[in-house]
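What follows is coords22.cif (mmCIF, C-alpha atoms).
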data_data
loop_
_atom_site.label_atom_id
_atom_site.label_comp_id
_atom_site.auth_asym_id
_atom_site.auth_seq_id
_atom_site.Cartn_x
_atom_site.Cartn_y
_atom_site.Cartn_z
CA MET U 172 -0.64 3.11 -29.53
CA TRP U 173 1.78 0.78 -31.38
CA ILE U 174 4.41 2.30 -33.67
CA VAL U 175 6.82 0.62 -36.11
CA LEU U 176 9.92 2.30 -37.50
CA ASP U 177 11.67 0.67 -40.45
CA THR U 178 15.44 0.49 -40.85
CA ASN U 179 15.56 3.52 -43.16
CA ILE U 180 14.20 5.70 -40.31
CA TYR U 181 16.99 4.66 -37.94
CA PHE U 182 19.74 4.91 -40.58
CA ASN U 183 22.25 7.69 -39.80
CA GLN U 184 20.47 8.28 -36.49
CA TRP U 185 22.64 5.72 -34.74
CA LEU U 186 22.32 7.25 -31.25
CA LEU U 187 18.62 8.18 -31.73
CA GLU U 188 19.39 11.75 -30.68
CA GLY U 189 18.18 13.81 -33.65
CA ALA U 190 15.55 16.50 -33.03
CA ASN U 191 12.65 14.33 -34.23
CA PHE U 192 13.90 11.31 -32.31
CA ARG U 193 14.15 13.33 -29.08
CA VAL U 194 10.56 14.54 -29.31
CA PHE U 195 9.36 11.12 -30.49
CA ARG U 196 11.05 9.41 -27.54
CA ASN U 197 9.46 11.79 -25.04
CA PHE U 198 6.08 11.27 -26.70
CA CYS U 199 6.36 7.47 -26.44
CA ASN U 200 7.53 7.53 -22.84
CA ASN U 201 5.04 10.19 -21.74
CA THR U 202 2.00 8.57 -23.35
CA GLY U 203 2.89 4.91 -22.82
CA ALA U 204 3.05 4.25 -26.57
CA THR U 205 4.73 0.97 -27.55
CA LEU U 206 7.57 0.79 -30.05
CA LEU U 207 7.48 -2.41 -32.09
CA LEU U 208 11.01 -3.42 -33.07
CA PRO U 209 11.01 -6.09 -35.80
CA GLU U 210 13.91 -8.46 -35.25
CA VAL U 211 15.00 -8.10 -38.86
CA VAL U 212 15.15 -4.31 -38.41
CA LYS U 213 17.19 -4.69 -35.25
CA GLN U 214 19.72 -6.90 -37.04
CA GLU U 215 19.86 -4.74 -40.14
CA VAL U 216 20.47 -1.50 -38.22
CA GLN U 217 23.23 -3.21 -36.23
CA ASN U 218 24.85 -4.51 -39.43
CA LYS U 219 24.63 -1.14 -41.16
CA TYR U 220 26.23 0.59 -38.17
CA ASP U 221 29.05 -1.96 -38.11
CA GLY U 222 29.57 -1.41 -41.84
CA GLU U 223 29.59 2.38 -41.47
CA LEU U 224 32.10 2.14 -38.62
CA ALA U 225 34.38 -0.16 -40.62
CA GLN U 226 34.25 2.20 -43.59
CA ALA U 227 35.02 5.19 -41.36
CA ARG U 228 38.10 3.37 -40.02
CA ILE U 229 39.31 2.70 -43.55
CA GLU U 230 38.92 6.36 -44.43
CA LEU U 231 40.67 7.38 -41.22
CA ASP U 232 43.59 5.08 -41.99
CA LYS U 233 43.91 6.70 -45.42
CA LEU U 234 43.92 10.16 -43.85
CA ALA U 235 46.49 9.04 -41.28
CA ALA U 236 48.73 7.81 -44.10
CA LYS U 237 48.33 11.12 -45.91
CA PHE U 238 49.21 13.08 -42.76
CA SER U 239 52.24 10.84 -42.26
CA LYS U 240 53.54 11.76 -45.71
CA LEU U 241 53.26 15.39 -44.65
CA GLY U 242 55.31 14.69 -41.54
CA VAL U 243 52.34 14.90 -39.20
CA GLU U 244 51.65 12.04 -36.83
CA CYS U 245 47.96 11.15 -36.72
CA PRO U 246 47.65 7.63 -35.29
CA SER U 247 44.27 6.22 -36.31
CA ASN U 248 44.39 3.64 -33.51
CA LEU U 249 43.68 6.42 -30.99
CA VAL U 250 40.03 6.35 -32.07
CA VAL U 251 38.27 4.09 -29.60
CA SER U 252 34.57 3.26 -29.79
CA ASP U 253 32.46 1.46 -27.25
CA ASP U 254 30.66 -1.63 -28.46
CA TYR U 255 27.48 -0.49 -30.18
CA ASP U 256 24.39 -2.51 -29.28
CA PHE U 257 21.35 -1.15 -31.10
CA ASP U 258 18.87 -3.36 -29.24
CA GLN U 259 20.23 -2.23 -25.86
CA LEU U 260 20.20 1.41 -26.96
CA VAL U 261 16.53 1.27 -27.92
CA ARG U 262 15.55 -0.44 -24.68
CA GLU U 263 17.47 2.11 -22.62
CA GLN U 264 15.69 5.02 -24.27
CA TYR U 265 12.15 3.66 -24.68
CA ARG U 266 10.14 2.25 -21.81
CA ASN U 267 7.78 0.10 -23.86
CA VAL U 268 9.53 -1.95 -26.53
CA ILE U 269 8.35 -5.21 -28.09
CA LEU U 270 10.75 -7.29 -30.18
CA VAL U 271 8.84 -8.80 -33.11
CA PRO U 272 10.43 -12.13 -34.14
CA TYR U 273 10.45 -13.39 -37.70
CA SER U 274 11.07 -17.06 -36.92
CA GLY U 275 7.35 -17.81 -37.19
CA VAL U 276 6.98 -16.47 -40.73
CA ALA U 277 6.29 -19.44 -43.00
CA HIS U 278 8.77 -19.77 -45.84
CA GLU U 279 5.89 -20.68 -48.13
CA GLN U 280 4.46 -17.16 -47.67
CA LEU U 281 7.72 -15.60 -48.80
CA VAL U 282 8.04 -17.88 -51.80
CA GLU U 283 4.49 -17.14 -52.87
CA LYS U 284 5.02 -13.38 -52.69
CA ALA U 285 8.40 -13.62 -54.45
CA LEU U 286 7.06 -15.63 -57.38
CA ALA U 287 3.99 -13.45 -57.95
CA PRO U 288 5.74 -10.98 -57.36
CA LYS U 289 3.69 -9.01 -54.86
CA LEU U 290 5.01 -6.07 -52.88
CA PRO U 291 7.16 -5.58 -50.99
CA PHE U 292 8.84 -8.10 -53.33
CA ARG U 293 9.84 -6.61 -56.65
CA GLU U 294 10.97 -8.15 -59.90
CA LYS U 295 14.00 -10.46 -59.78
CA GLU U 296 12.92 -11.45 -56.26
CA LYS U 297 14.24 -8.29 -54.60
CA GLY U 298 12.61 -7.34 -51.34
CA TYR U 299 13.09 -10.46 -49.21
CA ARG U 300 14.02 -8.50 -46.12
CA ASP U 301 11.10 -6.06 -46.52
CA ALA U 302 8.65 -8.94 -46.95
CA LEU U 303 10.04 -10.75 -43.92
CA MET U 304 9.70 -7.61 -41.80
CA TRP U 305 6.16 -6.91 -43.03
CA LEU U 306 4.82 -10.44 -42.56
CA SER U 307 6.42 -10.77 -39.11
CA ILE U 308 4.55 -7.63 -38.01
CA LEU U 309 1.22 -8.91 -39.32
CA ASP U 310 1.67 -12.31 -37.67
CA TYR U 311 2.60 -10.73 -34.35
CA VAL U 312 -0.29 -8.25 -34.37
CA LYS U 313 -2.80 -10.98 -35.25
CA GLU U 314 -1.52 -13.34 -32.53
CA SER U 315 -1.54 -10.57 -29.93
CA GLY U 316 -5.16 -9.64 -30.59
CA PHE U 317 -4.25 -5.95 -30.67
CA LYS U 318 -7.22 -4.07 -32.15
CA GLU U 319 -6.04 -0.47 -32.31
CA SER U 320 -4.30 1.27 -35.20
CA ILE U 321 -0.67 0.52 -36.05
CA HIS U 322 1.44 3.53 -37.04
CA PHE U 323 3.93 2.40 -39.68
CA VAL U 324 6.84 4.74 -40.50
CA ASN U 325 8.83 3.76 -43.60
CA ALA U 326 10.66 5.93 -46.10
CA ASN U 327 10.49 3.18 -48.74
CA SER U 328 7.19 4.39 -50.11
CA LYS U 329 7.40 2.77 -53.56
CA ASP U 330 7.40 -0.75 -52.11
CA PHE U 331 4.76 -0.25 -49.42
CA TYR U 332 2.44 2.62 -50.28
CA SER U 333 0.11 4.03 -52.90
CA ASN U 334 -0.46 7.73 -53.30
CA LYS U 335 -3.92 8.25 -54.76
CA SER U 336 -5.55 11.66 -54.96
CA GLY U 337 -2.83 13.05 -52.74
CA GLY U 338 -3.55 10.61 -49.90
CA LEU U 339 -1.00 8.05 -48.73
CA THR U 340 -2.35 4.50 -48.23
CA LEU U 341 -1.00 0.98 -48.07
CA HIS U 342 -0.46 -0.64 -51.45
CA GLU U 343 -3.18 -3.12 -52.48
CA ASP U 344 -0.69 -5.99 -52.31
CA LEU U 345 -0.16 -5.28 -48.62
CA LYS U 346 -3.88 -4.88 -48.03
CA ASP U 347 -4.27 -8.34 -49.57
CA ASP U 348 -1.97 -9.68 -46.83
CA LEU U 349 -4.31 -8.21 -44.21
CA ARG U 350 -7.40 -9.63 -45.89
CA ALA U 351 -5.77 -13.06 -46.17
CA ARG U 352 -5.43 -13.08 -42.40
CA ASN U 353 -8.95 -11.73 -41.81
CA MET U 354 -7.38 -8.70 -40.16
CA GLU U 355 -9.22 -5.41 -39.95
CA THR U 356 -6.25 -3.64 -38.39
CA ASN U 357 -5.91 -0.04 -39.49
CA ILE U 358 -2.28 0.51 -40.50
CA ILE U 359 -1.51 4.21 -40.85
CA PRO U 360 1.44 4.96 -43.16
CA TYR U 361 4.10 7.67 -42.82
CA THR U 362 7.16 8.30 -44.97
CA SER U 363 9.29 9.98 -42.28
CA LEU U 364 9.55 10.34 -38.53
CA ASN U 365 8.98 14.06 -38.93
CA GLU U 366 5.66 13.33 -40.62
CA PHE U 367 4.56 11.32 -37.58
CA VAL U 368 5.84 13.98 -35.17
CA GLU U 369 4.08 16.79 -37.02
CA GLY U 370 0.84 14.83 -37.12
CA HIS U 371 0.70 13.47 -33.57
CA VAL U 372 3.18 15.12 -31.25
CA LEU U 373 2.51 18.49 -29.68
CA GLN U 374 6.10 19.54 -29.16
CA GLU U 375 5.16 21.95 -26.39
CA LEU U 376 3.76 18.91 -24.55
CA HIS U 377 6.57 16.48 -25.24
CA GLY U 378 9.65 18.68 -25.38
CA VAL U 379 10.68 17.05 -22.11
CA ASP U 380 10.45 13.55 -20.68
CA TRP U 381 7.88 13.80 -17.90
CA MET U 382 9.41 11.03 -15.81
CA ASP U 383 12.89 12.55 -15.96
CA PHE U 384 11.41 15.93 -15.03
CA TYR U 385 9.53 14.32 -12.13
CA SER U 386 12.65 12.55 -10.89
CA GLU U 387 14.50 15.86 -10.77
CA PHE U 388 11.83 18.12 -9.30
CA ASN U 389 9.27 15.97 -7.48
CA GLY U 390 10.65 16.94 -4.05
CA GLU U 391 9.97 20.63 -4.65
CA LEU U 392 6.66 19.89 -6.37
CA ASP U 393 5.36 17.67 -3.58
CA SER U 394 6.41 20.02 -0.80
CA ASP U 395 4.89 23.11 -2.39
CA VAL U 396 1.64 21.56 -3.64
CA CYS U 397 1.07 20.05 -0.19
CA VAL U 398 1.19 23.48 1.43
CA GLU U 399 -1.12 24.92 -1.23
CA ALA U 400 -3.57 22.01 -1.03
CA ILE U 401 -3.92 22.38 2.76
CA ALA U 402 -4.52 26.10 2.34
CA TRP U 403 -7.12 25.32 -0.33
CA LEU U 404 -8.91 22.87 1.98
CA ASP U 405 -8.95 25.43 4.78
CA GLU U 406 -10.81 27.80 2.46
CA CYS U 407 -13.10 25.16 0.97
CA SER U 408 -16.84 25.69 1.46
CA LEU U 409 -18.56 23.61 4.13
CA SER U 410 -21.14 22.39 1.62
CA VAL U 411 -18.39 20.93 -0.59
CA LEU U 412 -16.76 19.29 2.43
CA ARG U 413 -20.09 17.72 3.40
CA GLU U 414 -20.55 16.36 -0.12
CA LYS U 415 -17.05 14.88 -0.24
CA LEU U 416 -17.32 13.32 3.23
CA VAL U 417 -20.66 11.69 2.39
CA GLU U 418 -19.15 10.31 -0.83
CA ALA U 419 -16.42 8.76 1.34
CA ASN U 420 -19.04 7.03 3.56
CA TYR U 421 -18.88 9.45 6.48
CA PRO U 422 -22.28 10.19 8.05
CA GLY U 423 -23.88 13.42 6.84
CA LEU U 424 -24.64 14.35 10.47
CA ILE U 425 -20.93 14.88 11.06
CA MET U 426 -21.24 18.24 9.30
CA ASP U 427 -24.51 19.38 10.90
CA GLY U 428 -23.92 22.56 12.88
CA VAL U 429 -20.29 22.80 11.80
CA PHE U 430 -19.24 26.42 11.38
CA ALA U 431 -15.51 25.96 10.63
CA ALA U 432 -13.07 23.31 9.47
CA SER U 433 -9.28 23.07 9.52
CA PHE U 434 -6.75 20.65 8.09
CA GLU U 435 -3.24 19.50 8.87
CA THR U 436 -1.04 16.82 7.35
CA TRP U 437 1.35 14.65 9.31
CA ASP U 438 2.80 12.64 6.41
CA GLY U 439 2.68 14.98 3.42
CA VAL U 440 2.25 14.09 -0.24
CA GLU U 441 2.51 10.53 -1.46
CA ASP U 442 2.04 8.77 -4.84
CA SER U 443 2.32 11.92 -6.95
CA ASP U 444 2.38 11.80 -10.74
CA ILE U 445 2.63 14.11 -13.75
CA LEU U 446 -0.42 13.58 -15.95
CA ALA U 447 0.62 16.10 -18.60
CA MET U 448 2.84 19.12 -18.93
CA ARG U 449 3.77 21.81 -21.41
CA LYS U 450 6.28 24.60 -21.60
CA ILE U 451 5.03 28.14 -20.99
CA ASP U 452 8.34 29.98 -21.40
CA GLU U 453 12.05 29.40 -20.79
CA ASP U 454 11.57 29.15 -17.01
CA ARG U 455 8.02 27.88 -16.48
CA TYR U 456 6.06 24.71 -17.10
CA PHE U 457 2.31 24.16 -16.75
CA ILE U 458 1.76 20.76 -15.13
CA ASP U 459 -1.33 18.64 -14.57
CA TYR U 460 -0.38 16.99 -11.28
CA ALA U 461 -2.04 14.16 -9.36
CA PHE U 462 -1.16 13.39 -5.75
CA ASP U 463 -2.59 12.24 -2.46
CA ILE U 464 -2.07 13.58 1.03
CA ARG U 465 -1.60 10.93 3.68
CA GLY U 466 -2.18 11.39 7.38
CA LEU U 467 -4.61 14.25 6.78
CA GLU U 468 -6.14 15.41 10.05
CA VAL U 469 -9.61 16.95 9.73
CA LYS U 470 -10.99 19.13 12.53
CA LEU U 471 -14.64 20.22 12.48
CA LEU U 472 -15.77 22.92 14.92
CA SER U 473 -19.37 23.07 16.11
CA SER U 474 -21.58 23.80 19.10
CA PRO U 475 -21.66 21.16 21.87
CA THR U 476 -25.41 20.83 21.28
CA SER U 477 -25.15 20.22 17.52
CA PRO U 478 -25.44 16.73 15.95
CA ALA U 479 -21.78 17.04 14.94
CA SER U 480 -20.78 16.62 18.56
CA GLY U 481 -22.27 13.11 18.73
CA TYR U 482 -20.65 9.69 18.50
CA PHE U 483 -19.69 8.60 14.97
CA GLY U 484 -17.83 5.39 15.63
CA ALA U 485 -14.22 4.36 16.13
CA TYR U 486 -11.37 6.62 15.01
CA ILE U 487 -13.52 9.74 15.15
CA ASP U 488 -12.83 11.76 18.30
CA VAL U 489 -15.09 14.45 19.77
CA GLU U 490 -13.75 16.85 22.39
CA ILE U 491 -15.98 19.37 24.12
CA ASP U 492 -14.44 22.43 25.73
CA ASN U 493 -16.95 24.87 27.19
CA ASP U 494 -18.91 26.22 24.21
CA LEU U 495 -16.88 24.45 21.50
CA ALA U 496 -17.01 20.91 20.17
CA THR U 497 -14.12 19.66 18.02
CA THR U 498 -14.69 16.54 15.92
CA SER U 499 -11.40 15.21 14.55
CA PHE U 500 -10.26 12.22 12.52
CA PHE U 501 -7.51 11.17 10.13
CA THR U 502 -8.08 10.36 6.49
CA ARG U 503 -6.38 10.38 3.12
CA ALA U 504 -7.33 12.58 0.17
CA ASP U 505 -6.63 12.43 -3.57
CA PHE U 506 -6.06 15.63 -5.55
CA LYS U 507 -5.61 16.78 -9.12
CA ALA U 508 -4.20 20.24 -9.64
CA SER U 509 -2.88 22.57 -12.32
CA VAL U 510 0.57 23.75 -11.31
CA VAL U 511 2.90 26.42 -12.66
CA PHE U 512 6.47 25.41 -11.82
CA ASN U 513 9.55 27.61 -12.23
CA ILE U 514 12.53 25.37 -13.02
CA THR U 515 15.06 28.18 -12.53
CA ALA U 516 13.89 29.06 -9.03
CA GLU U 517 12.74 25.45 -8.44
CA VAL U 518 9.49 26.61 -6.86
CA VAL U 519 5.79 26.24 -7.50
CA GLU U 520 4.43 29.65 -8.48
CA ASP U 521 0.74 28.77 -8.66
CA VAL U 522 -1.60 25.89 -7.80
CA ASP U 523 -5.20 25.49 -8.88
CA VAL U 524 -6.89 22.44 -7.34
CA THR U 525 -9.19 21.01 -10.02
CA SER U 526 -10.60 18.03 -8.10
CA PHE U 527 -10.27 16.19 -4.81
CA LYS U 528 -11.90 13.39 -2.86
CA PHE U 529 -11.49 11.76 0.51
CA ARG U 530 -10.58 8.08 0.54
CA PRO U 531 -13.54 5.85 1.51
CA ARG U 532 -13.88 5.28 5.21
#
Translate this structure into structure tokens?
Amino acid sequence: MWIVLDTNIYFNQWLLEGANFRVFRNFCNNTGATLLLPEVVKQEVQNKYDGELAQARIELDKLAAKFSKLGVECPSNLVVSDDYDFDQLVREQYRNVILVPYSGVAHEQLVEKALAPKLPFREKEKGYRDALMWLSILDYVKESGFKESIHFVNANSKDFYSNKSGGLTLHEDLKDDLRARNMETNIIPYTSLNEFVEGHVLQELHGVDWMDFYSEFNGELDSDVCVEAIAWLDECSLSVLREKLVEANYPGLIMDGVFAASFETWDGVEDSDILAMRKIDEDRYFIDYAFDIRGLEVKLLSSPTSPASGYFGAYIDVEIDNDLATTSFFTRADFKASVVFNITAEVVEDVDVTSFKFRPR
């Protein structure tokens, strides 16, 4: 998914920390959505911030002068602000960001739209910046070959959208720009970030950044799900084990006559990942978790006269002790599980293994 936010969406949300921005950021980072940042938007937001900061300093100086007349010292130079870099801020908060340049937009295109005038240009040639932003997006999308929908969030509805029969669509002038480029890209319009959030973001799913959550709690998650996964394997039916071993290119005979199986891990969980998660209550999260167990020792118990006590090649050992044959080998297994995790106690409360497979031999 590619998403574009216009300048008016960022305005007055300088730190990108409002409620909608928080959920939107988690959604983008959790789902791998890409934020397109038009270069003209980047520059305009930076300029507007600098202007707002300068105006705030002027107002503060006036207040300081007023306090001084009242005999109260209020030095305005005590207000110190770090250098604000909008581009850096966006890249720090969003994992997938593409800067869309406008240098490739032909000046002839802008002149043609201005003289017509065709939106987003208006009468008296207003709308240069909007047209530059819009055409730079179209040129970039066409050159990239991206075929999926573009989600376009812009509060300036009168210069970009039509509202017919209660449905918001791109204005015909903008559709003409798409047709002129032989583009069939579906551009979905929104007038606010909240409108996008309400339409696409399940807040119970994206109220938290999954990667940040994983970084904080993966040690407890991995340790606890490993114990539960081994216990689950120990209770797994022999028919399921046979099926999974055959799928992993182990000979079917290895399970013939087997009456019990046990498992032990020497290396624990590796390569774990949160596939999805949602909040259950203040303390608990429901997590779809993927992980693999490395150094998994499998022991199959059978009679010394059963086929399972035969030779199955290198790295598969068979030990016979009186009336018991133990066939053992090491493998690696991939799991997916539903997990209930308590963040207050920092423990896994429940694990339901939904799928597993042994790595191919």
Kindly indicate which residue among U:Trp437, U:Trp305, U:Phe506, U:Trp403 lies nearest to U:Lys528, using all atoms listed in the file for the distances. U:Phe506
Evaluate the PyMOL selection byres ((chain U and resi 493) around 12) against this structure - the residues, as a ChimeraX atom specification, please. /U:473-476,490-492,494-497
Restricting the calculation to all atoms listed in the file: of U:Leu364, U:Ile321, U:Ala504, U:Ala447, which residue gets closest to U:Gly189? U:Leu364
Residue members of the PyMOL selection byres ((chain U and resi 520) around 9) in the file shown, as a list of chain:residue names: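 Taken over the shown coordinates, the PyMOL selection byres ((chain U and resi 520) around 9) returns U:Asp395, U:Arg455, U:Val510, U:Val511, U:Phe512, U:Asn513, U:Val518, U:Val519, U:Asp521, U:Val522.
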Do you have the atom CA of U:Arg350-atom CA of U:Leu270 distance handy?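 Here the two named atoms are 24.1 Å from each other.
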Between U:Gln214, U:Asn191, U:Ser320, U:Ser443, which is the closest to U:Asn365 once you count all atoms listed in the file?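 The closest residue to U:Asn365 is U:Asn191.
The space between atom CA of U:Phe434 and atom CA of U:Gly390 spans 21.5 Å.
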My list of candidates is U:Glu314, U:Ser408, U:Asp256, U:Val211. Which is closest to U:Tyr299 when distances are computed with all atoms listed in the file?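 The answer is U:Val211, which sits nearest to U:Tyr299.
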Step by step, work through what the PyMOL selection byres ((chain U and resi 376-378) around 10) selects in the shown file, and finish by giving those residues as an NGL selection string. :U and (190 or 193-202 or 372-375 or 379-381 or 447-451 or 456-458)
Would you list the contacts of U:Ile401 as a VMD selection string, taking every protein, DNA or RNA residue within 9 Å and counting only C-alpha atoms, but skipping same-chain residues closer than 5 positions in sequence? chain U and resid 396 406 433 to 436
Quick one: residues within 9 Å of U:Ile487, all atoms listed in the file, excluding same-chain residues fewer than 6 positions away - as an NGL selection string? :U and (498-501)
Closest to U:Ser394 among U:Ile464, U:Ala235, U:Val417, U:Val429, using all atoms listed in the file?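 Once distances to U:Ser394 are computed over all atoms listed in the file, the minimum belongs to U:Ile464.
Minimum atom-to-atom distances from U:Phe527, U:Tyr421, U:Phe430, U:Trp173 to U:Asp463 were compared using all atoms listed in the file, and the lowest value belongs to U:Phe527.
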